[in-house]
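Q: Please find structure_35.cif (mmCIF, C-alpha atoms (C1' of nucleotides)) on the next line:
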data_my_file
#
loop_
_atom_site.label_atom_id
_atom_site.label_comp_id
_atom_site.auth_asym_id
_atom_site.auth_seq_id
_atom_site.Cartn_x
_atom_site.Cartn_y
_atom_site.Cartn_z
CA MET S 183 -129.13 35.83 80.01
CA SER S 184 -131.55 33.73 78.07
CA ASP S 185 -134.74 35.66 77.82
CA ALA S 186 -135.57 33.33 74.97
CA ARG S 187 -138.16 31.59 77.08
CA GLU S 188 -139.78 34.87 78.09
CA ARG S 189 -139.71 36.09 74.55
CA GLN S 190 -141.50 32.96 73.49
CA LYS S 191 -144.05 33.37 76.21
CA PHE S 192 -144.66 36.95 75.15
CA LEU S 193 -145.15 36.08 71.50
CA GLN S 194 -147.46 33.25 72.38
CA TRP S 195 -149.44 35.41 74.73
CA LEU S 196 -149.86 38.06 72.06
CA ARG S 197 -151.08 35.58 69.51
CA ASP S 198 -153.42 33.84 71.95
CA ARG S 199 -155.06 37.13 72.59
CA GLY S 200 -155.28 38.10 68.98
CA HIS S 201 -152.77 40.88 69.48
CA ARG S 202 -150.29 41.59 66.75
CA VAL S 203 -146.58 41.13 66.90
CA THR S 204 -145.09 44.48 65.98
CA ALA S 205 -141.56 45.77 65.74
CA GLU S 206 -142.29 48.23 68.54
CA ARG S 207 -143.47 45.51 70.89
CA LEU S 208 -140.43 43.39 70.27
CA ALA S 209 -138.10 46.33 70.70
CA LEU S 210 -139.71 47.30 73.97
CA PHE S 211 -139.50 43.73 75.17
CA GLU S 212 -135.80 43.58 74.34
CA GLU S 213 -135.18 46.88 75.99
CA ILE S 214 -136.81 46.10 79.29
CA PHE S 215 -135.11 42.73 79.51
CA ALA S 216 -131.79 44.34 78.64
CA GLN S 217 -132.14 46.74 81.55
CA HIS S 218 -131.04 45.47 84.86
CA ARG S 219 -133.89 46.70 86.96
CA HIS S 220 -136.40 49.35 87.92
CA ILE S 221 -136.74 51.69 85.03
CA ASP S 222 -139.49 54.17 84.34
CA ALA S 223 -141.34 54.70 81.10
CA GLU S 224 -139.60 57.93 80.28
CA GLU S 225 -136.12 56.51 80.79
CA LEU S 226 -137.06 53.53 78.72
CA LEU S 227 -138.22 55.85 75.98
CA ASP S 228 -134.97 57.83 76.07
CA SER S 229 -132.87 54.75 76.20
CA MET S 230 -134.61 53.38 73.13
CA LYS S 231 -134.28 56.62 71.24
CA ALA S 232 -130.60 56.69 72.13
CA ARG S 233 -130.31 53.35 70.42
CA ALA S 234 -132.04 54.78 67.37
CA LEU S 235 -135.13 52.71 67.95
CA LYS S 236 -138.12 54.63 66.75
CA ILE S 237 -140.99 54.48 69.19
CA SER S 238 -143.41 56.98 70.67
CA ARG S 239 -144.26 57.71 74.24
CA ALA S 240 -147.81 56.48 73.90
CA THR S 241 -146.61 53.18 72.54
CA VAL S 242 -144.18 52.71 75.37
CA TYR S 243 -146.89 53.26 77.94
CA ARG S 244 -149.39 51.08 76.13
CA ASN S 245 -147.06 48.20 75.71
CA LEU S 246 -145.62 48.37 79.17
CA ASP S 247 -149.14 47.78 80.34
CA LEU S 248 -149.30 44.84 78.02
CA LEU S 249 -146.15 43.35 79.47
CA VAL S 250 -147.55 43.78 82.92
CA GLU S 251 -150.81 42.20 81.90
CA CYS S 252 -149.11 39.12 80.58
CA GLY S 253 -147.06 38.78 83.71
CA LEU S 254 -143.62 39.53 82.30
CA ALA S 255 -143.21 42.88 83.97
CA ARG S 256 -144.21 44.52 87.18
CA LYS S 257 -145.23 48.11 87.72
CA GLN S 258 -144.61 49.79 91.05
CA ARG S 259 -144.19 53.16 92.61
CA LEU S 260 -140.90 53.01 94.37
CA GLY S 261 -139.76 56.58 94.71
CA GLN S 262 -142.79 58.81 94.93
CA ASN S 263 -143.96 59.97 91.63
CA ARG S 264 -143.28 57.83 88.65
CA PHE S 265 -144.03 54.21 88.12
CA LEU S 266 -141.03 51.97 87.83
CA TYR S 267 -141.08 48.82 85.78
CA GLU S 268 -139.01 45.72 86.22
CA HIS S 269 -139.04 42.49 84.31
CA VAL S 270 -140.26 39.58 86.34
CA HIS S 271 -138.01 36.74 87.35
CA PRO S 272 -139.99 33.52 87.33
CA GLY S 273 -141.54 32.80 90.70
CA GLN S 274 -139.18 34.94 92.77
CA ARG S 275 -141.02 37.31 95.04
CA HIS S 276 -138.96 40.17 96.36
CA ASP S 277 -139.43 43.51 98.05
CA HIS S 278 -137.49 46.75 98.16
CA LEU S 279 -135.32 48.93 100.31
CA VAL S 280 -135.30 52.45 98.88
CA CYS S 281 -132.61 54.88 99.96
CA THR S 282 -133.98 58.39 100.24
CA GLY S 283 -130.45 59.73 100.18
CA CYS S 284 -129.09 58.40 96.92
CA GLY S 285 -132.18 56.83 95.40
CA ARG S 286 -130.64 53.40 95.31
CA VAL S 287 -133.04 50.47 95.34
CA VAL S 288 -132.06 47.19 96.94
CA GLU S 289 -134.09 44.03 96.66
CA PHE S 290 -134.58 41.57 99.43
CA VAL S 291 -136.37 38.28 99.82
CA SER S 292 -138.24 37.24 102.93
CA PRO S 293 -140.21 34.01 102.95
CA GLY S 294 -141.13 34.79 106.55
CA ILE S 295 -142.91 37.99 105.61
CA ALA S 296 -144.59 36.26 102.69
CA ALA S 297 -145.94 33.60 105.01
CA LEU S 298 -147.23 36.14 107.51
CA GLN S 299 -148.97 38.05 104.75
CA GLY S 300 -150.67 34.85 103.72
CA GLU S 301 -151.94 34.29 107.23
CA ILE S 302 -153.24 37.83 107.49
CA CYS S 303 -155.16 37.51 104.24
CA ARG S 304 -156.67 34.26 105.35
CA ALA S 305 -157.68 35.76 108.66
CA HIS S 306 -159.47 38.60 106.86
CA GLY S 307 -161.05 36.49 104.15
CA PHE S 308 -159.06 38.57 101.73
CA SER S 309 -158.00 37.19 98.39
CA PRO S 310 -154.70 38.86 97.46
CA THR S 311 -153.53 39.43 93.92
CA SER S 312 -150.45 41.53 94.57
CA HIS S 313 -148.62 43.42 97.22
CA THR S 314 -146.13 46.21 97.72
CA LEU S 315 -143.64 46.32 100.51
CA GLN S 316 -141.03 48.99 100.49
CA ILE S 317 -138.90 50.28 103.26
CA SER S 318 -137.57 53.79 102.91
CA GLY S 319 -134.57 55.08 104.76
CA LEU S 320 -130.85 55.56 104.40
CA CYS S 321 -128.41 53.04 103.10
CA ASN S 322 -125.10 52.43 104.78
CA ALA S 323 -123.24 54.89 102.62
CA CYS S 324 -125.74 57.69 103.10
CA VAL S 325 -125.83 57.25 106.87
CA GLN S 326 -122.07 57.68 106.90
CA LYS S 327 -122.21 60.63 104.59
CA ARG S 328 -124.71 62.29 106.88
CA ASP S 329 -122.67 61.59 109.98
CA GLU S 330 -119.55 63.00 108.39
CA ALA S 331 -121.45 66.07 107.33
CA GLN S 332 -122.45 66.65 110.93
CA ARG S 333 -119.15 66.07 112.67
CA PRO S 334 -116.50 68.16 110.80
CA PRO S 335 -117.95 71.68 111.16
CA GLU S 336 -117.25 71.40 114.90
CA ARG S 337 -117.77 75.14 115.18
CA ALA S 338 -120.16 77.09 117.34
CA LEU S 339 -123.34 76.60 115.40
CA PRO S 340 -126.54 77.26 117.32
CA SER S 341 -125.99 73.62 118.31
CA PRO S 342 -129.28 71.93 117.53
CA ALA S 343 -128.29 68.94 119.57
CA HIS S 344 -131.71 67.37 119.81
CA VAL S 345 -134.28 66.90 117.11
CA GLU S 346 -134.14 68.72 113.76
CA THR S 347 -131.66 66.52 111.99
CA ALA S 348 -134.06 64.87 109.60
CA ARG S 349 -134.01 67.71 107.08
CA THR S 350 -130.53 67.16 105.82
CA LEU S 351 -131.34 63.64 104.73
CA SER S 352 -133.07 64.43 101.53
CA GLY S 353 -130.66 66.47 99.51
CA PRO S 354 -126.99 65.94 100.11
CA PRO S 355 -124.84 67.64 97.46
CA PRO S 356 -123.52 65.38 94.65
CA MET I 298 -161.98 61.28 121.11
CA SER I 299 -159.58 63.60 122.81
CA ASP I 300 -157.31 65.00 120.21
CA ALA I 301 -156.50 67.65 122.78
CA ARG I 302 -153.08 66.16 123.25
CA GLU I 303 -152.37 66.14 119.53
CA ARG I 304 -153.70 69.63 119.15
CA GLN I 305 -151.34 70.76 121.86
CA LYS I 306 -148.45 69.00 120.20
CA PHE I 307 -149.30 70.66 116.90
CA LEU I 308 -149.47 74.14 118.36
CA GLN I 309 -146.23 73.63 120.22
CA TRP I 310 -144.52 72.28 117.14
CA LEU I 311 -145.65 75.28 115.12
CA ARG I 312 -144.38 77.75 117.67
CA ASP I 313 -141.08 75.94 118.15
CA ARG I 314 -140.47 76.24 114.48
CA GLY I 315 -141.49 79.85 114.28
CA HIS I 316 -144.54 78.96 112.25
CA ARG I 317 -147.70 80.88 112.81
CA VAL I 318 -150.92 79.54 114.20
CA THR I 319 -153.57 80.41 111.65
CA ALA I 320 -157.26 79.73 111.45
CA GLU I 321 -156.67 77.62 108.36
CA ARG I 322 -154.16 75.41 110.11
CA LEU I 323 -156.43 74.83 113.04
CA ALA I 324 -159.38 74.09 110.82
CA LEU I 325 -157.40 71.60 108.79
CA PHE I 326 -156.18 69.95 111.93
CA GLU I 327 -159.71 69.61 113.25
CA GLU I 328 -160.91 68.27 109.96
CA ILE I 329 -158.36 65.54 109.55
CA PHE I 330 -158.78 64.39 113.12
CA ALA I 331 -162.55 64.40 112.69
CA GLN I 332 -162.28 62.09 109.69
CA HIS I 333 -162.09 58.45 110.47
CA ARG I 334 -159.35 57.46 108.10
CA HIS I 335 -157.66 57.67 104.73
CA ILE I 336 -158.81 60.80 103.06
CA ASP I 337 -157.23 62.61 100.15
CA ALA I 338 -156.51 66.30 99.87
CA GLU I 339 -159.34 66.95 97.46
CA GLU I 340 -161.93 65.25 99.63
CA LEU I 341 -160.65 67.11 102.61
CA LEU I 342 -161.02 70.35 100.71
CA ASP I 343 -164.59 69.55 99.69
CA SER I 344 -165.50 68.40 103.13
CA MET I 345 -164.23 71.63 104.60
CA LYS I 346 -166.03 73.75 102.06
CA ALA I 347 -169.19 71.81 102.80
CA ARG I 348 -168.82 72.91 106.37
CA ALA I 349 -168.44 76.50 105.22
CA LEU I 350 -164.80 76.63 106.21
CA LYS I 351 -162.97 78.89 103.86
CA ILE I 352 -159.69 77.41 102.71
CA SER I 353 -157.91 77.06 99.40
CA ARG I 354 -156.49 74.01 97.71
CA ALA I 355 -152.92 75.24 97.99
CA THR I 356 -153.30 75.76 101.70
CA VAL I 357 -154.68 72.30 102.20
CA TYR I 358 -151.74 70.74 100.39
CA ARG I 359 -149.21 72.93 102.16
CA ASN I 360 -150.53 72.26 105.59
CA LEU I 361 -151.06 68.58 105.08
CA ASP I 362 -147.35 68.44 104.41
CA LEU I 363 -146.83 70.32 107.63
CA LEU I 364 -148.88 67.82 109.58
CA VAL I 365 -146.88 65.02 108.06
CA GLU I 366 -143.64 66.77 108.87
CA CYS I 367 -144.55 67.11 112.50
CA GLY I 368 -145.55 63.49 112.71
CA LEU I 369 -149.28 63.89 113.24
CA ALA I 370 -150.32 62.61 109.85
CA ARG I 371 -149.14 60.06 107.36
CA LYS I 372 -149.22 60.33 103.58
CA GLN I 373 -149.48 57.23 101.45
CA ARG I 374 -150.56 56.11 98.04
CA LEU I 375 -153.09 53.43 98.68
CA GLY I 376 -155.17 53.21 95.56
CA GLN I 377 -153.05 54.20 92.62
CA ASN I 378 -153.16 57.84 91.92
CA ARG I 379 -153.84 60.15 94.76
CA PHE I 380 -152.15 60.40 98.08
CA LEU I 381 -154.27 59.47 101.04
CA TYR I 382 -153.71 61.02 104.45
CA GLU I 383 -154.52 59.59 107.83
CA HIS I 384 -153.94 60.98 111.24
CA VAL I 385 -151.39 59.04 113.22
CA HIS I 386 -152.31 57.06 116.27
CA PRO I 387 -149.48 57.26 118.73
CA GLY I 388 -147.07 54.38 118.32
CA GLN I 389 -149.43 52.06 116.52
CA ARG I 390 -147.94 50.71 113.32
CA HIS I 391 -150.40 49.24 110.89
CA ASP I 392 -150.55 48.23 107.24
CA HIS I 393 -153.29 47.97 104.65
CA LEU I 394 -155.39 45.58 102.66
CA VAL I 395 -156.83 47.38 99.65
CA CYS I 396 -159.76 45.87 97.79
CA THR I 397 -159.49 46.50 94.07
CA GLY I 398 -163.17 45.66 93.70
CA CYS I 399 -164.83 48.16 95.99
CA GLY I 400 -161.88 50.30 97.04
CA ARG I 401 -162.31 49.49 100.69
CA VAL I 402 -159.20 49.78 102.84
CA VAL I 403 -158.71 47.54 105.85
CA GLU I 404 -155.96 48.00 108.38
CA PHE I 405 -154.07 45.23 110.01
CA VAL I 406 -151.34 44.96 112.58
CA SER I 407 -148.54 42.44 112.43
CA PRO I 408 -145.76 42.56 114.97
CA GLY I 409 -144.24 39.56 113.24
CA ILE I 410 -143.79 41.41 109.97
CA ALA I 411 -142.47 44.44 111.81
CA ALA I 412 -139.86 42.30 113.49
CA LEU I 413 -138.79 40.65 110.24
CA GLN I 414 -138.45 44.04 108.60
CA GLY I 415 -136.19 45.08 111.40
CA GLU I 416 -133.99 42.07 110.86
CA ILE I 417 -133.76 42.70 107.17
CA CYS I 418 -132.72 46.30 107.66
CA ARG I 419 -130.09 45.27 110.14
CA ALA I 420 -128.78 42.65 107.75
CA HIS I 421 -128.43 45.27 105.00
CA GLY I 422 -127.03 48.01 107.20
CA PHE I 423 -130.08 49.98 106.23
CA SER I 424 -131.49 52.64 108.49
CA PRO I 425 -135.25 52.75 107.93
CA THR I 426 -137.38 55.81 108.42
CA SER I 427 -140.69 54.58 107.08
CA HIS I 428 -142.28 51.78 105.19
CA THR I 429 -145.27 50.91 103.09
CA LEU I 430 -146.90 47.54 103.00
CA GLN I 431 -150.10 47.14 101.15
CA ILE I 432 -151.76 44.03 99.88
CA SER I 433 -154.13 44.45 96.97
CA GLY I 434 -156.81 41.97 96.10
CA LEU I 435 -160.47 41.27 96.66
CA CYS I 436 -162.30 41.41 99.93
CA ASN I 437 -164.75 38.73 100.96
CA ALA I 438 -167.74 40.54 99.55
CA CYS I 439 -166.14 41.21 96.18
CA VAL I 440 -164.99 37.64 95.78
CA GLN I 441 -168.58 36.52 96.28
CA LYS I 442 -169.90 39.16 93.95
CA ARG I 443 -167.50 37.96 91.29
CA ASP I 444 -168.40 34.32 91.78
CA GLU I 445 -172.09 35.07 91.51
CA ALA I 446 -171.48 37.05 88.36
CA GLN I 447 -169.78 34.07 86.82
CA ARG I 448 -172.22 31.35 87.76
CA PRO I 449 -175.69 32.57 86.65
CA PRO I 450 -175.14 33.02 82.88
CA GLU I 451 -174.74 29.22 82.65
CA ARG I 452 -175.13 29.51 78.89
CA ALA I 453 -172.86 28.30 76.14
CA LEU I 454 -170.18 30.94 76.21
CA PRO I 455 -166.95 30.05 74.44
CA SER I 456 -166.11 28.52 77.83
CA PRO I 457 -162.66 29.82 78.58
CA ALA I 458 -162.21 27.29 81.33
CA HIS I 459 -158.51 27.86 81.88
CA VAL I 460 -156.73 31.17 82.26
CA GLU I 461 -158.19 34.49 81.14
CA THR I 462 -160.50 35.19 84.05
CA ALA I 463 -158.51 37.99 85.58
CA ARG I 464 -160.08 40.72 83.47
CA THR I 465 -163.44 40.68 85.16
CA LEU I 466 -161.93 41.44 88.53
CA SER I 467 -161.33 45.09 88.06
CA GLY I 468 -164.66 46.59 87.18
CA PRO I 469 -167.79 44.93 88.52
CA PRO I 470 -170.93 47.01 87.93
CA PRO I 471 -172.16 49.10 90.91
"C1'" DC G 113 -154.38 99.45 120.89
"C1'" DC G 114 -151.45 100.65 116.81
"C1'" DT G 115 -147.44 99.56 113.83
"C1'" DC G 116 -144.34 97.00 111.42
"C1'" DT G 117 -142.22 92.86 109.82
"C1'" DT G 118 -142.56 88.73 107.82
"C1'" DG G 119 -144.79 84.28 107.31
"C1'" DT G 120 -149.26 82.75 105.13
"C1'" DT G 121 -153.10 82.65 102.09
"C1'" DG G 122 -155.81 82.32 97.71
"C1'" DA G 123 -156.67 82.23 92.78
"C1'" DG G 124 -154.94 80.80 89.05
"C1'" DA G 125 -150.93 79.45 86.31
"C1'" DT G 126 -147.83 75.80 85.79
"C1'" DC G 127 -145.64 71.30 86.04
"C1'" DT G 128 -145.49 66.35 85.51
"C1'" DG G 129 -146.71 61.82 84.67
"C1'" DA G 130 -149.94 59.33 82.25
"C1'" DT G 131 -153.75 58.64 79.04
"C1'" DC G 132 -156.58 59.69 75.05
"C1'" DT G 133 -157.68 61.01 70.06
"C1'" DC G 134 -157.72 60.04 65.45
"C1'" DA G 135 -155.70 59.82 60.93
"C1'" DA G 136 -151.99 57.21 58.79
"C1'" DG G 137 -149.73 52.88 58.73
"C1'" DA G 138 -148.88 47.94 58.88
"C1'" DA G 139 -149.92 42.75 60.58
"C1'" DG G 140 -151.70 38.96 59.12
"C1'" DC G 141 -155.70 36.35 57.06
"C1'" DT G 142 -157.23 34.87 52.46
"C1'" DA L 183 -151.70 41.41 46.39
"C1'" DG L 184 -155.99 42.95 48.74
"C1'" DC L 185 -158.56 43.87 52.66
"C1'" DT L 186 -159.74 44.18 57.35
"C1'" DT L 187 -158.66 45.57 61.67
"C1'" DC L 188 -155.37 46.50 65.15
"C1'" DT L 189 -151.50 49.53 66.16
"C1'" DT L 190 -148.82 53.57 65.96
"C1'" DG L 191 -147.38 58.51 66.53
"C1'" DA L 192 -147.89 63.41 67.42
"C1'" DG L 193 -150.06 66.20 69.96
"C1'" DA L 194 -154.05 67.29 72.84
"C1'" DT L 195 -155.84 66.40 77.21
"C1'" DC L 196 -156.39 64.98 82.00
"C1'" DA L 197 -155.53 64.81 86.92
"C1'" DG L 198 -153.00 65.47 90.88
"C1'" DA L 199 -149.83 68.28 92.91
"C1'" DT L 200 -146.98 72.35 93.24
"C1'" DC L 201 -145.66 77.09 92.36
"C1'" DT L 202 -146.28 82.33 91.85
"C1'" DC L 203 -147.11 86.60 93.68
"C1'" DA L 204 -149.95 90.21 95.38
"C1'" DA L 205 -152.99 90.86 99.30
"C1'" DC L 206 -153.44 89.66 103.97
"C1'" DA L 207 -152.84 88.85 108.89
"C1'" DA L 208 -150.10 86.73 113.11
"C1'" DG L 209 -147.49 88.13 116.50
"C1'" DA L 210 -143.56 90.97 118.40
"C1'" DG L 211 -142.59 95.66 119.89
"C1'" DG L 212 -143.88 100.04 121.28
#
Give the structure from the file, written as structure tokens.
A:
Amino acid sequence: MSDARERQKFLQWLRDRGHRVTAERLALFEEIFAQHRHIDAEELLDSMKARALKISRATVYRNLDLLVECGLARKQRLGQNRFLYEHVHPGQRHDHLVCTGCGRVVEFVSPGIAALQGEICRAHGFSPTSHTLQISGLCNACVQKRDEAQRPPERALPSPAHVETARTLSGPPP
Amino acid sequence: MSDARERQKFLQWLRDRGHRVTAERLALFEEIFAQHRHIDAEELLDSMKARALKISRATVYRNLDLLVECGLARKQRLGQNRFLYEHVHPGQRHDHLVCTGCGRVVEFVSPGIAALQGEICRAHGFSPTSHTLQISGLCNACVQKRDEAQRPPERALPSPAHVETARTLSGPPP
DNA sequence: CCTCTTGTTGAGATCTGATCTCAAGAAGCT
DNA sequence: AGCTTCTTGAGATCAGATCTCAACAAGAGG
């Protein structure tokens, strides 16, 4: 929807800092606000090139950092390796469920957890600036998929009826 | 203390899987249980070489994964870049406060947060296997250090009395 | 104790995500 | 328009982690 306000904030922030307003910065801003959520630098780069926007990798990385610095984007490791970026919704703290089966990321909001975190910081004299909470596991769909994959065979496998089932979680065929 | 129980579990787990018990595996096991907490693969490697234990980088990485797989160690990104490993204390879930000033890591336990996470997963039909909760910020000492660093100058700087103070947080001199 | 099979190791190459370098280019002040 | 200074782009570089493959050794069998 209207990212007009954010756009304004970004431009203002750039000028206040003495940074220049360049075509690349605007394009990157548009791109990340056009995306729904959780995109990594490389995807962003591809997606911009696909739209015939000329921009280099270095510039993407540099300016993503800028967006983070000015508070319009957030940078987090959700999977394992790459950083994912998301544009920030004003004042709405959320955390993530990450499905290790299909890679899907679901957001959730928990004021209760937020409050408890606050208490813990106070108790430790710790002054928090950010946090990461992600829960990894299997989403509904992937649990089902796994269960189906285990039932049907029904033949005389060496019947590993106890432990050992965790391996199949990570790479179910497409 | 007695990691005899864990050692036993490790050996058993290796044999059950048809893995071999090698000197390198035992040495790595000893090393990680000798460390107090949160050590990365490279440090572990150095620390073992310092003790004249012969082991290669690849073996450290491979066998750390093994320890994680069998549930005796946990692998997490706490700072930013490297993975940190810690040996697992039976059944004791904890999370981390990470000071961005001095890098110190403090553990905390919160049954309340654990319970809320459980509720959230249930509500989303999500089947969790692990989680990461870390709160970044400044510890007591670093907050004080920062405040002291800001007071003394007391001279006529351009007085940025409003925003703009976040930059100094990241790199205070040693 | 010796042999044989097969999992494991080590050194270095390789991969990957991210950052840095520096000459060419352009924003924005005047 | 001219000039200063920040920004960009292409490729080099870095760091952490993983992979390759020949040499090695654990453990089963004799």
Q: Wanna dump the chain I-chain G contacts at 10 Å for me, each residue with its shortest atom pair and the distance in Å to one decimal, counting all atoms listed in the file, ordered by chain and number, as JSON lines?
A:
{"residue": "I:Gly315", "atom": "CA", "partner": "G:DG119", "partner_atom": "C1'", "distance": 8.9}
{"residue": "I:His316", "atom": "CA", "partner": "G:DG119", "partner_atom": "C1'", "distance": 7.3}
{"residue": "I:Arg317", "atom": "CA", "partner": "G:DG119", "partner_atom": "C1'", "distance": 7.1}
{"residue": "I:Val318", "atom": "CA", "partner": "G:DT120", "partner_atom": "C1'", "distance": 9.8}
{"residue": "I:Thr319", "atom": "CA", "partner": "G:DT120", "partner_atom": "C1'", "distance": 8.2}
{"residue": "I:Glu321", "atom": "CA", "partner": "G:DT121", "partner_atom": "C1'", "distance": 8.8}
{"residue": "I:Ile352", "atom": "CA", "partner": "G:DG122", "partner_atom": "C1'", "distance": 8.0}
{"residue": "I:Ser353", "atom": "CA", "partner": "G:DG122", "partner_atom": "C1'", "distance": 5.9}
{"residue": "I:Arg354", "atom": "CA", "partner": "G:DG122", "partner_atom": "C1'", "distance": 8.3}
{"residue": "I:Ala355", "atom": "CA", "partner": "G:DG122", "partner_atom": "C1'", "distance": 7.7}
{"residue": "I:Thr356", "atom": "CA", "partner": "G:DT121", "partner_atom": "C1'", "distance": 6.9}
Q: The PyMOL selection byres ((chain L) within 12 of (chain I)) - which residues does that actually catch in the file I just gave you? List them as a PyMOL selection string.
A: chain L and resi 197-202+207-209
Q: Convert the output of the PyMOL selection byres ((chain S) within 8 of (chain I)) on the shown file into explicit residues, formatted as a list in words.
A: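 Taken on the displayed file, the PyMOL selection byres ((chain S) within 8 of (chain I)) yields the residues Leu279, Phe290, Gly294, Ile295, Leu298, Ile302, His306, Gly307, Phe308, Ser309, Pro310, Thr311, Ser312, His313, Thr314, Leu315, Gln316, Ile317, Ser318, Gly319, Leu320, Cys321, Asn322 and Val325 of chain S.
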Q: Now that the selection is made, can you save its residues with C-alpha atoms as a tab-separated table (two decimals), keeping the file's coordinate frame?
A:
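Dumped to selection-v5.tsv:
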chain	number	residue	atom	x	y	z
S	279	LEU	CA	-135.32	48.93	100.31
S	290	PHE	CA	-134.58	41.57	99.43
S	294	GLY	CA	-141.13	34.79	106.55
S	295	ILE	CA	-142.91	37.99	105.61
S	298	LEU	CA	-147.23	36.14	107.51
S	302	ILE	CA	-153.24	37.83	107.49
S	306	HIS	CA	-159.47	38.60	106.86
S	307	GLY	CA	-161.05	36.49	104.15
S	308	PHE	CA	-159.06	38.57	101.73
S	309	SER	CA	-158.00	37.19	98.39
S	310	PRO	CA	-154.70	38.86	97.46
S	311	THR	CA	-153.53	39.43	93.92
S	312	SER	CA	-150.45	41.53	94.57
S	313	HIS	CA	-148.62	43.42	97.22
S	314	THR	CA	-146.13	46.21	97.72
S	315	LEU	CA	-143.64	46.32	100.51
S	316	GLN	CA	-141.03	48.99	100.49
S	317	ILE	CA	-138.90	50.28	103.26
S	318	SER	CA	-137.57	53.79	102.91
S	319	GLY	CA	-134.57	55.08	104.76
S	320	LEU	CA	-130.85	55.56	104.40
S	321	CYS	CA	-128.41	53.04	103.10
S	322	ASN	CA	-125.10	52.43	104.78
S	325	VAL	CA	-125.83	57.25	106.87
Q: On this file, the PyMOL selection byres ((chain S and resi 210-220) around 6) gives some set of residues; write that set as a list of chain:residue names.
A: S:Arg207, S:Leu208, S:Ala209, S:Ile221, S:Leu266, S:Tyr267, S:Glu268
Q: Have a look at atom CA of I:Leu375 and atom CA of I:Val402 and let me know their distance in Å, one decimal.
A: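 Between atom CA of I:Leu375 and atom CA of I:Val402 the gap works out to 8.2 Å.
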Q: Between atom C1' of L:DG211 and atom CA of I:Trp310, what is the distance, to one decimal in Å?
A: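 According to the coordinates, atom C1' of L:DG211 and atom CA of I:Trp310 are separated by 23.6 Å.
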Q: If the box runs along x, y and z of the file and leaves 6 Å on each side of stretch 300-304 of chain I, what are its centre and edge lengths in Å, one decimal, as JSON?
A:
{"center_x": -154.8, "center_y": 67.3, "center_z": 121.2, "size_x": 16.9, "size_y": 16.6, "size_z": 16.1}
Q: Between atom CA of S:Arg328 and atom CA of I:Gly388, what is the distance, to one decimal in Å?
A: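 Result for atom CA of S:Arg328 versus atom CA of I:Gly388: 26.3 Å, one decimal.
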